[in-house]
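What follows is a single structure, written as structure tokens, with notes after it.
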Amino acid sequence: MEFHKNCIKLDDGTNKKRQPIKGADGKDLKFTSLVGAINYMSLQGWELIDTKSVTSGGGYVIGGYGGSSSTDTKVYYIFSREVSDEELESAVNNSYKE
């Protein structure tokens, strides 16, 4: 799960673009906080297993004085839940290219 702009985007391992979670009305669900998003996932049967931070970019110093820095850090939340054999088989079948 990636939490970005108050929206949850999921990567289900199918090599597709991360998809936002949608409500019953078909619109992206918007959360007021990260904790609210994690609580929502918990209510859906998901268990938070781990978090991972990925930082990209770098900074530089000009003439020994301050400089400029351009970095971006994304935090990913790893969830798990029990699924049926059929759900698992479907996810596996959609996770690779032939």
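Chain lettering (A, B, ...) mirrors the order of the structure tokens, residue numbering begins at 1 for each chain separately, and ligand numbering begins at 1 in order of display.
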TODO: List every residue of chain A that DSSP, applied to the backbone of this structure, assigns to strand (DSSP E or B), and report them as a PyMOL selection string.
DONE: chain A and resi 2-4+7-10+19-20+22+28+47-62+65-80
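Minimum atom-to-atom distance to Lys52 in chain A, evaluated using only C-alpha atoms, belongs to A:Val75 out of A:Val75, A:Val83, A:Val92, A:Asp12.
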TODO: Give the answer as one residue: which of A:Leu34, A:Glu2, A:Gln44, A:Asp11 has the shortest atom-to-atom distance to Ser95 in chain A, using only C-alpha atoms?
DONE: A:Asp11
Open item on the list: Among chain A, which residues does DSSP mark as alpha helix (DSSP H) when it is run on the backbone? Keep the chain and numbering as in the structure and answer as a count of residues only.
Closed with: 19
Task: Selection: 10 Å around Ser42 in chain A, only C-alpha atoms, excl. self and same-chain fewer than 6 positions, as an NGL selection string - done: :A and (36 or 48 or 79-81)
TODO: Excluding Leu10 in chain A and residues on its chain fewer than 2 positions from it, collect all residues at most 9 Å away from it, counting only C-alpha atoms, and give them as a list in words.
DONE: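 Everything that qualifies: Met1, Glu2, Phe3, Ile8, Asp12, Lys17, Arg18, Gln19, Pro20 and Ile21 of chain A.
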Would you export the selected residues with C-alpha atoms as a PDB file, in the first residue's frame, please?
ATOM      1  CA  MET A   1       0.000   0.000   0.000  1.00  0.00           C
ATOM      2  CA  GLU A   2       1.184   3.496  -0.800  1.00  0.00           C
ATOM      3  CA  PHE A   3      -0.492   6.409   0.995  1.00  0.00           C
ATOM      4  CA  ILE A   8      -4.535   4.460  -0.635  1.00  0.00           C
ATOM      5  CA  ASP A  12      -1.427  -6.561  -5.611  1.00  0.00           C
ATOM      6  CA  LYS A  17      -0.153   0.271 -12.025  1.00  0.00           C
ATOM      7  CA  ARG A  18      -1.074   0.746  -8.353  1.00  0.00           C
ATOM      8  CA  GLN A  19      -4.805   1.269  -8.129  1.00  0.00           C
ATOM      9  CA  PRO A  20      -6.625   3.578  -5.685  1.00  0.00           C
ATOM     10  CA  ILE A  21      -9.258   2.018  -3.442  1.00  0.00           C
TER      11      ILE A  21
END
Open item on the list: Between CA of Leu43 in chain A and CA of Glu82 in chain A, what is the distance in Å, rounded to a tenth?
Closed with: 13.7 Å
TODO: State, in Å with one decimal place, the distance from CA of Ile49 in chain A to CA of Gly26 in chain A.
DONE: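 Computing the Euclidean distance for CA of Ile49 in chain A and CA of Gly26 in chain A yields 28.1 Å.
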